[in-house]
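The file target-v8.txt comes next; it holds compact mmCIF, C-alpha atoms.
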# COMPACT_ATOMS: atom_id res chain seq x y z
CA MET A 272 0.00 0.00 0.00
CA ARG A 273 1.35 3.42 -0.89
CA PRO A 274 2.32 5.69 2.03
CA VAL A 275 -0.45 8.03 3.18
CA PRO A 276 0.24 11.14 5.30
CA ASN A 277 -0.80 10.79 8.96
CA ASP A 278 -1.39 7.03 8.66
CA LYS A 279 0.21 5.05 11.44
CA PRO A 280 2.25 2.05 10.26
CA PHE A 281 1.03 -1.52 10.59
CA THR A 282 3.48 -3.04 13.05
CA LEU A 283 3.63 -6.51 14.60
CA ALA A 284 6.31 -7.69 17.01
CA GLY A 285 8.50 -4.71 16.18
CA ARG A 286 8.34 -5.16 12.40
CA THR A 287 6.47 -2.82 10.05
CA TYR A 288 4.54 -4.10 7.04
CA GLN A 289 3.30 -2.26 3.96
CA SER A 290 0.46 -4.70 3.18
CA ARG A 291 -2.48 -4.96 5.57
CA LEU A 292 -3.67 -8.21 4.00
CA LEU A 293 -2.63 -11.50 5.59
CA VAL A 294 -3.38 -14.68 3.69
CA GLY A 295 -3.56 -18.39 4.35
CA THR A 296 -2.08 -21.25 2.38
CA GLY A 297 -4.75 -23.97 2.58
CA LYS A 298 -7.48 -25.17 0.21
CA TYR A 299 -5.70 -24.39 -3.08
CA LYS A 300 -5.59 -27.05 -5.77
CA ASP A 301 -1.77 -27.23 -5.68
CA LEU A 302 1.33 -25.42 -4.51
CA GLU A 303 1.68 -23.48 -7.76
CA GLU A 304 -1.77 -21.94 -7.36
CA THR A 305 -0.90 -21.18 -3.75
CA ARG A 306 2.23 -19.36 -4.85
CA ALA A 307 0.50 -17.39 -7.61
CA ALA A 308 -2.42 -16.29 -5.44
CA ILE A 309 -0.22 -15.16 -2.57
CA GLU A 310 2.00 -13.21 -4.94
CA ALA A 311 -1.05 -11.53 -6.51
CA SER A 312 -2.38 -10.58 -3.07
CA GLY A 313 0.66 -8.49 -2.24
CA ALA A 314 0.62 -9.98 1.26
CA GLU A 315 3.80 -10.01 3.31
CA ILE A 316 2.51 -12.26 6.11
CA VAL A 317 1.45 -15.78 5.23
CA THR A 318 -0.19 -18.06 7.78
CA VAL A 319 0.42 -21.80 7.79
CA ALA A 320 -1.54 -24.54 9.58
CA VAL A 321 1.29 -26.52 11.12
CA ARG A 322 -0.87 -29.60 11.75
CA ARG A 323 -2.01 -29.75 8.12
CA THR A 324 0.88 -28.40 6.07
CA ASN A 325 4.40 -29.68 5.61
CA ILE A 326 6.98 -27.05 6.50
CA GLY A 327 9.76 -29.56 7.09
CA GLN A 328 8.27 -32.00 9.57
CA ASN A 329 7.62 -34.58 6.81
CA PRO A 330 10.87 -35.11 4.88
CA GLY A 331 10.37 -36.34 1.34
CA GLU A 332 6.97 -34.68 0.91
CA PRO A 333 6.32 -31.38 -0.93
CA ASN A 334 7.33 -28.52 1.35
CA LEU A 335 5.30 -25.31 1.33
CA LEU A 336 8.43 -23.30 2.10
CA ASP A 337 9.82 -24.29 -1.30
CA VAL A 338 7.27 -21.96 -2.93
CA ILE A 339 6.60 -19.53 -0.05
CA SER A 340 10.08 -18.51 0.99
CA PRO A 341 10.67 -17.31 4.58
CA GLU A 342 13.19 -14.92 3.08
CA ARG A 343 10.40 -13.14 1.21
CA TYR A 344 7.42 -13.61 3.54
CA THR A 345 6.87 -13.59 7.26
CA ILE A 346 5.63 -17.08 8.02
CA LEU A 347 2.86 -17.07 10.62
CA PRO A 348 2.39 -20.59 12.02
CA ASN A 349 -1.13 -21.20 13.28
CA THR A 350 -2.75 -23.83 15.46
CA ALA A 351 -5.72 -24.62 13.20
CA GLY A 352 -7.16 -28.03 14.08
CA CYS A 353 -6.37 -27.73 17.79
CA PHE A 354 -9.22 -28.20 20.26
CA THR A 355 -7.29 -28.00 23.54
CA ALA A 356 -4.79 -25.57 25.02
CA GLU A 357 -2.25 -28.39 25.34
CA ASP A 358 -2.40 -29.23 21.62
CA ALA A 359 -2.11 -25.58 20.65
CA VAL A 360 0.94 -25.02 22.85
CA ARG A 361 2.58 -28.19 21.53
CA THR A 362 1.94 -27.08 17.93
CA CYS A 363 3.48 -23.65 18.50
CA ARG A 364 6.57 -25.19 20.03
CA LEU A 365 6.90 -27.53 17.05
CA ALA A 366 6.65 -24.56 14.69
CA ARG A 367 9.35 -22.71 16.64
CA GLU A 368 11.63 -25.72 16.28
CA LEU A 369 10.95 -26.13 12.56
CA LEU A 370 11.41 -22.41 11.85
CA ASP A 371 14.66 -21.90 13.76
CA GLY A 372 13.34 -20.15 16.84
CA HIS A 373 10.49 -18.22 15.16
CA LYS A 374 8.35 -16.59 17.88
CA LEU A 375 5.41 -15.05 15.99
CA VAL A 376 2.37 -17.38 16.04
CA LYS A 377 -1.36 -17.25 15.45
CA LEU A 378 -3.20 -18.99 18.26
CA GLU A 379 -6.57 -20.55 17.61
CA VAL A 380 -8.23 -23.14 19.84
CA LEU A 381 -11.51 -24.38 18.40
CA ALA A 382 -14.65 -25.49 20.21
CA ASP A 383 -16.07 -28.04 17.76
CA GLN A 384 -15.88 -29.25 14.16
CA LYS A 385 -19.31 -27.94 13.16
CA THR A 386 -18.83 -24.23 13.91
CA LEU A 387 -15.03 -23.90 14.32
CA PHE A 388 -15.96 -21.24 16.87
CA PRO A 389 -13.16 -20.33 19.27
CA ASN A 390 -13.08 -22.05 22.65
CA VAL A 391 -12.40 -18.96 24.69
CA ILE A 392 -11.52 -20.77 27.93
CA GLU A 393 -8.90 -22.96 26.23
CA THR A 394 -7.66 -19.97 24.22
CA LEU A 395 -7.00 -17.97 27.38
CA LYS A 396 -5.15 -20.92 28.94
CA ALA A 397 -2.96 -21.43 25.86
CA ALA A 398 -2.24 -17.72 25.48
CA GLU A 399 -1.01 -17.49 29.07
CA VAL A 400 1.41 -20.39 28.57
CA LEU A 401 2.69 -19.19 25.20
CA ILE A 402 3.28 -15.62 26.35
CA ALA A 403 5.21 -16.88 29.38
CA ASP A 404 7.24 -19.06 27.00
CA GLY A 405 8.34 -16.04 24.96
CA PHE A 406 6.01 -16.26 21.97
CA ASP A 407 4.53 -13.23 20.20
CA VAL A 408 0.89 -14.30 20.14
CA MET A 409 -1.72 -13.14 17.66
CA VAL A 410 -5.00 -14.65 18.82
CA TYR A 411 -8.18 -15.74 17.04
CA THR A 412 -11.15 -15.03 19.27
CA SER A 413 -14.87 -14.37 19.40
CA ASP A 414 -16.20 -10.86 18.84
CA ASP A 415 -16.74 -10.44 22.58
CA PRO A 416 -15.19 -7.07 23.54
CA ILE A 417 -14.46 -8.19 27.10
CA ILE A 418 -12.50 -11.26 26.00
CA ALA A 419 -10.64 -9.19 23.40
CA ARG A 420 -9.65 -6.74 26.12
CA GLN A 421 -8.47 -9.52 28.45
CA LEU A 422 -6.33 -11.12 25.72
CA ALA A 423 -4.66 -7.79 25.01
CA GLU A 424 -4.10 -7.08 28.71
CA MET A 425 -2.45 -10.45 29.27
CA GLY A 426 0.11 -9.73 26.53
CA CYS A 427 -1.18 -10.88 23.15
CA ILE A 428 0.31 -8.61 20.47
CA ALA A 429 -2.85 -8.63 18.32
CA VAL A 430 -6.45 -9.75 18.72
CA MET A 431 -8.24 -11.31 15.76
CA PRO A 432 -12.02 -11.43 16.26
CA LEU A 433 -14.05 -13.39 13.75
CA ALA A 434 -16.36 -11.50 11.40
CA GLY A 435 -18.26 -14.71 10.63
CA LEU A 436 -17.64 -18.41 11.08
CA ILE A 437 -14.52 -19.78 9.38
CA GLY A 438 -15.07 -20.61 5.73
CA THR A 439 -18.67 -19.34 5.55
CA GLY A 440 -18.08 -16.17 3.53
CA LEU A 441 -20.92 -14.48 5.41
CA GLY A 442 -19.04 -11.21 5.76
CA ILE A 443 -19.13 -8.87 8.76
CA CYS A 444 -21.97 -10.34 10.81
CA ASN A 445 -21.71 -8.05 13.83
CA PRO A 446 -20.03 -4.72 13.01
CA TYR A 447 -21.23 -3.22 16.29
CA ASN A 448 -19.18 -5.56 18.48
CA LEU A 449 -16.18 -4.98 16.24
CA ARG A 450 -16.58 -1.24 16.71
CA ILE A 451 -16.52 -1.64 20.49
CA ILE A 452 -13.40 -3.82 20.28
CA LEU A 453 -11.75 -1.22 18.05
CA GLU A 454 -12.66 1.66 20.36
CA GLU A 455 -11.02 -0.09 23.32
CA ALA A 456 -8.08 -1.59 21.45
CA SER A 457 -4.61 -1.30 22.94
CA VAL A 458 -3.11 -3.66 20.34
CA PRO A 459 -3.79 -4.14 16.61
CA VAL A 460 -7.21 -5.61 15.76
CA LEU A 461 -7.42 -7.81 12.68
CA VAL A 462 -10.59 -9.37 11.30
CA ASP A 463 -10.07 -13.11 11.00
CA ALA A 464 -12.65 -15.42 9.38
CA GLY A 465 -15.92 -14.78 7.58
CA VAL A 466 -14.73 -12.64 4.68
CA GLY A 467 -16.30 -13.81 1.41
CA THR A 468 -15.55 -11.14 -1.14
CA ALA A 469 -13.75 -7.86 -1.64
CA SER A 470 -16.50 -5.65 -0.21
CA ASP A 471 -16.32 -7.57 3.10
CA ALA A 472 -12.63 -6.78 3.39
CA THR A 473 -13.27 -3.13 2.58
CA ILE A 474 -15.94 -2.87 5.29
CA ALA A 475 -13.57 -4.35 7.87
CA MET A 476 -10.94 -1.77 7.00
CA GLU A 477 -13.47 1.08 6.96
CA LEU A 478 -14.41 0.16 10.52
CA GLY A 479 -10.81 0.80 11.51
CA CYS A 480 -9.25 -2.65 11.61
CA GLU A 481 -5.48 -2.66 11.23
CA ALA A 482 -5.58 -5.56 8.78
CA VAL A 483 -7.58 -8.57 7.58
CA LEU A 484 -6.61 -12.24 7.45
CA MET A 485 -8.33 -14.55 4.98
CA ASN A 486 -7.95 -17.87 3.21
CA SER A 487 -11.22 -19.39 1.96
CA ALA A 488 -12.41 -16.19 0.26
CA ILE A 489 -9.42 -16.40 -2.07
CA ALA A 490 -8.81 -20.14 -2.31
CA HIS A 491 -12.49 -21.00 -2.93
CA ALA A 492 -13.04 -18.31 -5.57
CA GLN A 493 -13.56 -19.50 -9.13
CA ASN A 494 -10.36 -17.65 -10.01
CA PRO A 495 -8.24 -17.52 -6.83
CA VAL A 496 -5.42 -15.49 -8.35
CA LEU A 497 -7.80 -12.81 -9.60
CA MET A 498 -9.64 -12.73 -6.27
CA ALA A 499 -6.33 -12.34 -4.47
CA GLU A 500 -5.62 -9.24 -6.52
CA ALA A 501 -9.13 -7.93 -5.83
CA MET A 502 -8.54 -8.35 -2.10
CA LYS A 503 -5.32 -6.38 -2.31
CA TYR A 504 -7.16 -3.37 -3.73
CA ALA A 505 -10.14 -3.85 -1.38
CA ILE A 506 -7.86 -3.58 1.65
CA GLU A 507 -6.21 -0.47 0.26
CA ALA A 508 -9.56 1.16 -0.61
CA GLY A 509 -10.97 0.43 2.82
CA ARG A 510 -7.97 1.86 4.60
CA LEU A 511 -8.03 5.03 2.49
CA ALA A 512 -11.76 5.46 3.12
CA TYR A 513 -11.21 5.02 6.86
CA LEU A 514 -8.50 7.66 6.87
CA ALA A 515 -10.55 10.02 4.70
CA GLY A 516 -13.60 9.82 6.98
CA ARG A 517 -16.94 9.12 5.37
CA MET A 518 -19.70 11.70 5.05
CA PRO A 519 -22.42 11.55 7.71
CA LYS A 520 -25.56 9.58 6.93
CA LYS A 521 -28.74 11.63 6.59
CA LEU A 522 -32.40 10.69 6.46
CA TYR A 523 -33.28 13.26 3.79
CA ALA A 524 -31.65 14.45 0.59
CA SER A 525 -29.32 17.37 0.41
CA ALA A 526 -28.36 19.10 -2.83
CA SER A 527 -24.90 18.25 -4.07
CA SER A 528 -24.59 21.58 -5.92
CA PRO A 529 -24.62 24.97 -4.15
CA LEU A 530 -27.85 26.93 -4.31
CA ASP A 531 -26.15 30.35 -4.42
CA GLY A 532 -26.55 32.08 -7.78
CA LEU A 533 -29.33 29.74 -8.91
CA ILE A 534 -31.19 31.11 -11.97
CA ARG A 535 -34.73 32.00 -10.99

For the structure just supplied, provide its representation as structure tokens.
Amino acid sequence: MRPVPNDKPFTLAGRTYQSRLLVGTGKYKDLEETRAAIEASGAEIVTVAVRRTNIGQNPGEPNLLDVISPERYTILPNTAGCFTAEDAVRTCRLARELLDGHKLVKLEVLADQKTLFPNVIETLKAAEVLIADGFDVMVYTSDDPIIARQLAEMGCIAVMPLAGLIGTGLGICNPYNLRIILEEASVPVLVDAGVGTASDATIAMELGCEAVLMNSAIAHAQNPVLMAEAMKYAIEAGRLAYLAGRMPKKLYASASSPLDGLIR
């Protein structure tokens, strides 16, 4: 994204990023499509489900890092598929070992297979352990403002409330809770889950989110590479609109042209 005067930088764990779009690596038809879509997105942070993707733990199998280089992208290991705090902590420690001491992780502890809704109790337990163990924790959570505040206060470097259930593409289901979270935020707030198309990403950014993370919206599009490019521009447009400040909504019309000097 081009620099804009008076815009604060997007910073995570002491590193500043130009792109405010974070993308996943699952659900593509092959590694080549994964590579092409991520490149088209302009993303600099790429999240990887350690339990589902080979990043070196399975020698002899295709390695995602062969097409998504850690020298070019910040790899964000995530704990997708974990349903207990213990599993999530174990997965993060495995990722740190595989990625030579990498500390930045995305924590998600799920409640059940049907909804993939976050298990907040287990999430809080895992976050406490990981933070004490020296990890920089970005955390997937519900859109409950109180829980978001607690996660930030305990030391998570970013909170990532869902906009809708993972993989549904329903868009921003509860913008009002997101607005409360954003008003109280002491750390970056990123929408995570629920985005279905470019307008959803734009709305999230217009609300004031620092960034948006998505996977299914791109990977499940009929043309993932083209959708990835659309998302890049949607994020930029939303951020610019947020900084510009939208006009107030009115119940009645108001003339767009001045009335002074009107021919009578």

Report task. Have a look at atom CA of A:Asn486 and atom CA of A:Leu433 and let me know their distance in Å, one decimal. Result ->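 These two atoms are separated by 13.0 Å.
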
Report task. Please provide the set of residues having any atom within 9 Å of stretch 476-481 of chain A, restricted to all atoms listed in the file, with same-chain residues fewer than 5 positions apart removed, written as a ChimeraX atom specification. Result -> /A:281,291,446,449-450,453,459-462,471,505-514,516-517

Requested in this report: Do a neighbour search on stretch 394-410 of chain A at 10 Å with all atoms listed in the file, toss out local chain neighbours closer than 4 positions, and write the hits as an MDAnalysis selection string.
Outcome: chainID A and resid 283:284 347 349 354:361 363:364 367 372:382 389:390 418:419 421:423 425:432 458:461 463

A:Pro341: which residues within 12 Å, counting only C-alpha atoms, same-chain residues fewer than 2 positions away excluded, as a PDB file with C-alpha atoms, in the frame of the given file?
ATOM      1  CA  GLU A 315       3.800 -10.010   3.310  1.00  0.00           C
ATOM      2  CA  ILE A 316       2.510 -12.260   6.110  1.00  0.00           C
ATOM      3  CA  VAL A 317       1.450 -15.780   5.230  1.00  0.00           C
ATOM      4  CA  THR A 318      -0.190 -18.060   7.780  1.00  0.00           C
ATOM      5  CA  VAL A 319       0.420 -21.800   7.790  1.00  0.00           C
ATOM      6  CA  ILE A 326       6.980 -27.050   6.500  1.00  0.00           C
ATOM      7  CA  LEU A 335       5.300 -25.310   1.330  1.00  0.00           C
ATOM      8  CA  LEU A 336       8.430 -23.300   2.100  1.00  0.00           C
ATOM      9  CA  ASP A 337       9.820 -24.290  -1.300  1.00  0.00           C
ATOM     10  CA  VAL A 338       7.270 -21.960  -2.930  1.00  0.00           C
ATOM     11  CA  ILE A 339       6.600 -19.530  -0.050  1.00  0.00           C
ATOM     12  CA  ARG A 343      10.400 -13.140   1.210  1.00  0.00           C
ATOM     13  CA  TYR A 344       7.420 -13.610   3.540  1.00  0.00           C
ATOM     14  CA  THR A 345       6.870 -13.590   7.260  1.00  0.00           C
ATOM     15  CA  ILE A 346       5.630 -17.080   8.020  1.00  0.00           C
ATOM     16  CA  LEU A 347       2.860 -17.070  10.620  1.00  0.00           C
ATOM     17  CA  PRO A 348       2.390 -20.590  12.020  1.00  0.00           C
ATOM     18  CA  LEU A 369      10.950 -26.130  12.560  1.00  0.00           C
ATOM     19  CA  LEU A 370      11.410 -22.410  11.850  1.00  0.00           C
ATOM     20  CA  ASP A 371      14.660 -21.900  13.760  1.00  0.00           C
ATOM     21  CA  HIS A 373      10.490 -18.220  15.160  1.00  0.00           C
TER      22      HIS A 373
END

Query raised in the report: What is the atom CA of A:Arg420-atom CA of A:Ile392 distance in Å, reported with one decimal?
Result: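 For atom CA of A:Arg420 relative to atom CA of A:Ile392, the distance reads 14.3 Å.
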
Report task. Please measure the separation of atom CA of A:Lys298 and atom CA of A:Arg286, giving the value in Å to one decimal. Result ->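 Between atom CA of A:Lys298 and atom CA of A:Arg286 the gap is 28.3 Å.
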
Taking the structure in the block just given, could you write stretch 336-472 of chain A with C-alpha atoms, as a PDB file, in the first residue's frame?
ATOM      1  CA  LEU A 336       8.429 -23.305   2.101  1.00  0.00           C
ATOM      2  CA  ASP A 337       9.819 -24.289  -1.301  1.00  0.00           C
ATOM      3  CA  VAL A 338       7.265 -21.958  -2.927  1.00  0.00           C
ATOM      4  CA  ILE A 339       6.599 -19.531  -0.045  1.00  0.00           C
ATOM      5  CA  SER A 340      10.082 -18.509   0.988  1.00  0.00           C
ATOM      6  CA  PRO A 341      10.665 -17.314   4.575  1.00  0.00           C
ATOM      7  CA  GLU A 342      13.193 -14.918   3.080  1.00  0.00           C
ATOM      8  CA  ARG A 343      10.397 -13.136   1.212  1.00  0.00           C
ATOM      9  CA  TYR A 344       7.417 -13.611   3.535  1.00  0.00           C
ATOM     10  CA  THR A 345       6.870 -13.585   7.265  1.00  0.00           C
ATOM     11  CA  ILE A 346       5.633 -17.083   8.018  1.00  0.00           C
ATOM     12  CA  LEU A 347       2.862 -17.074  10.616  1.00  0.00           C
ATOM     13  CA  PRO A 348       2.386 -20.594  12.023  1.00  0.00           C
ATOM     14  CA  ASN A 349      -1.133 -21.195  13.278  1.00  0.00           C
ATOM     15  CA  THR A 350      -2.750 -23.826  15.457  1.00  0.00           C
ATOM     16  CA  ALA A 351      -5.721 -24.625  13.200  1.00  0.00           C
ATOM     17  CA  GLY A 352      -7.157 -28.026  14.084  1.00  0.00           C
ATOM     18  CA  CYS A 353      -6.371 -27.726  17.789  1.00  0.00           C
ATOM     19  CA  PHE A 354      -9.217 -28.199  20.256  1.00  0.00           C
ATOM     20  CA  THR A 355      -7.288 -27.996  23.540  1.00  0.00           C
ATOM     21  CA  ALA A 356      -4.795 -25.574  25.017  1.00  0.00           C
ATOM     22  CA  GLU A 357      -2.253 -28.395  25.336  1.00  0.00           C
ATOM     23  CA  ASP A 358      -2.404 -29.233  21.620  1.00  0.00           C
ATOM     24  CA  ALA A 359      -2.108 -25.575  20.654  1.00  0.00           C
ATOM     25  CA  VAL A 360       0.937 -25.018  22.852  1.00  0.00           C
ATOM     26  CA  ARG A 361       2.585 -28.191  21.527  1.00  0.00           C
ATOM     27  CA  THR A 362       1.942 -27.077  17.932  1.00  0.00           C
ATOM     28  CA  CYS A 363       3.476 -23.648  18.495  1.00  0.00           C
ATOM     29  CA  ARG A 364       6.569 -25.186  20.033  1.00  0.00           C
ATOM     30  CA  LEU A 365       6.902 -27.533  17.055  1.00  0.00           C
ATOM     31  CA  ALA A 366       6.654 -24.560  14.691  1.00  0.00           C
ATOM     32  CA  ARG A 367       9.355 -22.713  16.643  1.00  0.00           C
ATOM     33  CA  GLU A 368      11.631 -25.722  16.280  1.00  0.00           C
ATOM     34  CA  LEU A 369      10.949 -26.129  12.556  1.00  0.00           C
ATOM     35  CA  LEU A 370      11.407 -22.413  11.847  1.00  0.00           C
ATOM     36  CA  ASP A 371      14.660 -21.898  13.761  1.00  0.00           C
ATOM     37  CA  GLY A 372      13.336 -20.147  16.838  1.00  0.00           C
ATOM     38  CA  HIS A 373      10.486 -18.224  15.159  1.00  0.00           C
ATOM     39  CA  LYS A 374       8.346 -16.595  17.878  1.00  0.00           C
ATOM     40  CA  LEU A 375       5.412 -15.054  15.991  1.00  0.00           C
ATOM     41  CA  VAL A 376       2.373 -17.379  16.038  1.00  0.00           C
ATOM     42  CA  LYS A 377      -1.355 -17.247  15.452  1.00  0.00           C
ATOM     43  CA  LEU A 378      -3.199 -18.991  18.259  1.00  0.00           C
ATOM     44  CA  GLU A 379      -6.570 -20.551  17.614  1.00  0.00           C
ATOM     45  CA  VAL A 380      -8.231 -23.139  19.840  1.00  0.00           C
ATOM     46  CA  LEU A 381     -11.510 -24.379  18.398  1.00  0.00           C
ATOM     47  CA  ALA A 382     -14.655 -25.491  20.213  1.00  0.00           C
ATOM     48  CA  ASP A 383     -16.066 -28.038  17.756  1.00  0.00           C
ATOM     49  CA  GLN A 384     -15.880 -29.253  14.165  1.00  0.00           C
ATOM     50  CA  LYS A 385     -19.307 -27.944  13.161  1.00  0.00           C
ATOM     51  CA  THR A 386     -18.830 -24.235  13.912  1.00  0.00           C
ATOM     52  CA  LEU A 387     -15.035 -23.899  14.325  1.00  0.00           C
ATOM     53  CA  PHE A 388     -15.956 -21.238  16.866  1.00  0.00           C
ATOM     54  CA  PRO A 389     -13.156 -20.334  19.271  1.00  0.00           C
ATOM     55  CA  ASN A 390     -13.084 -22.054  22.649  1.00  0.00           C
ATOM     56  CA  VAL A 391     -12.401 -18.956  24.687  1.00  0.00           C
ATOM     57  CA  ILE A 392     -11.521 -20.771  27.932  1.00  0.00           C
ATOM     58  CA  GLU A 393      -8.903 -22.956  26.232  1.00  0.00           C
ATOM     59  CA  THR A 394      -7.663 -19.969  24.218  1.00  0.00           C
ATOM     60  CA  LEU A 395      -7.003 -17.969  27.377  1.00  0.00           C
ATOM     61  CA  LYS A 396      -5.150 -20.924  28.943  1.00  0.00           C
ATOM     62  CA  ALA A 397      -2.965 -21.431  25.858  1.00  0.00           C
ATOM     63  CA  ALA A 398      -2.238 -17.715  25.482  1.00  0.00           C
ATOM     64  CA  GLU A 399      -1.006 -17.486  29.068  1.00  0.00           C
ATOM     65  CA  VAL A 400       1.414 -20.387  28.574  1.00  0.00           C
ATOM     66  CA  LEU A 401       2.695 -19.189  25.204  1.00  0.00           C
ATOM     67  CA  ILE A 402       3.278 -15.616  26.346  1.00  0.00           C
ATOM     68  CA  ALA A 403       5.209 -16.877  29.381  1.00  0.00           C
ATOM     69  CA  ASP A 404       7.237 -19.056  27.000  1.00  0.00           C
ATOM     70  CA  GLY A 405       8.342 -16.036  24.964  1.00  0.00           C
ATOM     71  CA  PHE A 406       6.006 -16.259  21.969  1.00  0.00           C
ATOM     72  CA  ASP A 407       4.533 -13.233  20.203  1.00  0.00           C
ATOM     73  CA  VAL A 408       0.886 -14.304  20.142  1.00  0.00           C
ATOM     74  CA  MET A 409      -1.725 -13.144  17.665  1.00  0.00           C
ATOM     75  CA  VAL A 410      -5.003 -14.652  18.816  1.00  0.00           C
ATOM     76  CA  TYR A 411      -8.182 -15.740  17.043  1.00  0.00           C
ATOM     77  CA  THR A 412     -11.147 -15.029  19.269  1.00  0.00           C
ATOM     78  CA  SER A 413     -14.867 -14.374  19.403  1.00  0.00           C
ATOM     79  CA  ASP A 414     -16.195 -10.864  18.836  1.00  0.00           C
ATOM     80  CA  ASP A 415     -16.740 -10.439  22.582  1.00  0.00           C
ATOM     81  CA  PRO A 416     -15.189  -7.068  23.537  1.00  0.00           C
ATOM     82  CA  ILE A 417     -14.456  -8.193  27.104  1.00  0.00           C
ATOM     83  CA  ILE A 418     -12.498 -11.261  25.999  1.00  0.00           C
ATOM     84  CA  ALA A 419     -10.645  -9.191  23.399  1.00  0.00           C
ATOM     85  CA  ARG A 420      -9.650  -6.737  26.116  1.00  0.00           C
ATOM     86  CA  GLN A 421      -8.471  -9.522  28.445  1.00  0.00           C
ATOM     87  CA  LEU A 422      -6.333 -11.120  25.724  1.00  0.00           C
ATOM     88  CA  ALA A 423      -4.662  -7.791  25.012  1.00  0.00           C
ATOM     89  CA  GLU A 424      -4.097  -7.082  28.710  1.00  0.00           C
ATOM     90  CA  MET A 425      -2.449 -10.449  29.273  1.00  0.00           C
ATOM     91  CA  GLY A 426       0.112  -9.734  26.534  1.00  0.00           C
ATOM     92  CA  CYS A 427      -1.182 -10.879  23.148  1.00  0.00           C
ATOM     93  CA  ILE A 428       0.314  -8.613  20.468  1.00  0.00           C
ATOM     94  CA  ALA A 429      -2.851  -8.626  18.319  1.00  0.00           C
ATOM     95  CA  VAL A 430      -6.448  -9.752  18.725  1.00  0.00           C
ATOM     96  CA  MET A 431      -8.244 -11.307  15.758  1.00  0.00           C
ATOM     97  CA  PRO A 432     -12.019 -11.432  16.258  1.00  0.00           C
ATOM     98  CA  LEU A 433     -14.047 -13.391  13.748  1.00  0.00           C
ATOM     99  CA  ALA A 434     -16.358 -11.500  11.402  1.00  0.00           C
ATOM    100  CA  GLY A 435     -18.258 -14.708  10.631  1.00  0.00           C
ATOM    101  CA  LEU A 436     -17.645 -18.411  11.077  1.00  0.00           C
ATOM    102  CA  ILE A 437     -14.525 -19.785   9.379  1.00  0.00           C
ATOM    103  CA  GLY A 438     -15.071 -20.614   5.729  1.00  0.00           C
ATOM    104  CA  THR A 439     -18.666 -19.342   5.554  1.00  0.00           C
ATOM    105  CA  GLY A 440     -18.075 -16.175   3.530  1.00  0.00           C
ATOM    106  CA  LEU A 441     -20.920 -14.483   5.413  1.00  0.00           C
ATOM    107  CA  GLY A 442     -19.039 -11.210   5.758  1.00  0.00           C
ATOM    108  CA  ILE A 443     -19.126  -8.866   8.761  1.00  0.00           C
ATOM    109  CA  CYS A 444     -21.972 -10.340  10.807  1.00  0.00           C
ATOM    110  CA  ASN A 445     -21.710  -8.047  13.831  1.00  0.00           C
ATOM    111  CA  PRO A 446     -20.032  -4.723  13.010  1.00  0.00           C
ATOM    112  CA  TYR A 447     -21.225  -3.220  16.294  1.00  0.00           C
ATOM    113  CA  ASN A 448     -19.180  -5.564  18.477  1.00  0.00           C
ATOM    114  CA  LEU A 449     -16.180  -4.975  16.235  1.00  0.00           C
ATOM    115  CA  ARG A 450     -16.581  -1.237  16.705  1.00  0.00           C
ATOM    116  CA  ILE A 451     -16.522  -1.644  20.488  1.00  0.00           C
ATOM    117  CA  ILE A 452     -13.403  -3.819  20.275  1.00  0.00           C
ATOM    118  CA  LEU A 453     -11.746  -1.221  18.053  1.00  0.00           C
ATOM    119  CA  GLU A 454     -12.659   1.662  20.360  1.00  0.00           C
ATOM    120  CA  GLU A 455     -11.018  -0.090  23.317  1.00  0.00           C
ATOM    121  CA  ALA A 456      -8.079  -1.595  21.447  1.00  0.00           C
ATOM    122  CA  SER A 457      -4.612  -1.295  22.938  1.00  0.00           C
ATOM    123  CA  VAL A 458      -3.114  -3.664  20.338  1.00  0.00           C
ATOM    124  CA  PRO A 459      -3.788  -4.138  16.613  1.00  0.00           C
ATOM    125  CA  VAL A 460      -7.206  -5.610  15.762  1.00  0.00           C
ATOM    126  CA  LEU A 461      -7.419  -7.810  12.678  1.00  0.00           C
ATOM    127  CA  VAL A 462     -10.587  -9.366  11.301  1.00  0.00           C
ATOM    128  CA  ASP A 463     -10.074 -13.106  10.998  1.00  0.00           C
ATOM    129  CA  ALA A 464     -12.653 -15.420   9.381  1.00  0.00           C
ATOM    130  CA  GLY A 465     -15.917 -14.777   7.582  1.00  0.00           C
ATOM    131  CA  VAL A 466     -14.732 -12.635   4.676  1.00  0.00           C
ATOM    132  CA  GLY A 467     -16.303 -13.808   1.409  1.00  0.00           C
ATOM    133  CA  THR A 468     -15.552 -11.138  -1.144  1.00  0.00           C
ATOM    134  CA  ALA A 469     -13.747  -7.860  -1.645  1.00  0.00           C
ATOM    135  CA  SER A 470     -16.497  -5.655  -0.214  1.00  0.00           C
ATOM    136  CA  ASP A 471     -16.321  -7.566   3.099  1.00  0.00           C
ATOM    137  CA  ALA A 472     -12.627  -6.776   3.390  1.00  0.00           C
TER     138      ALA A 472
END
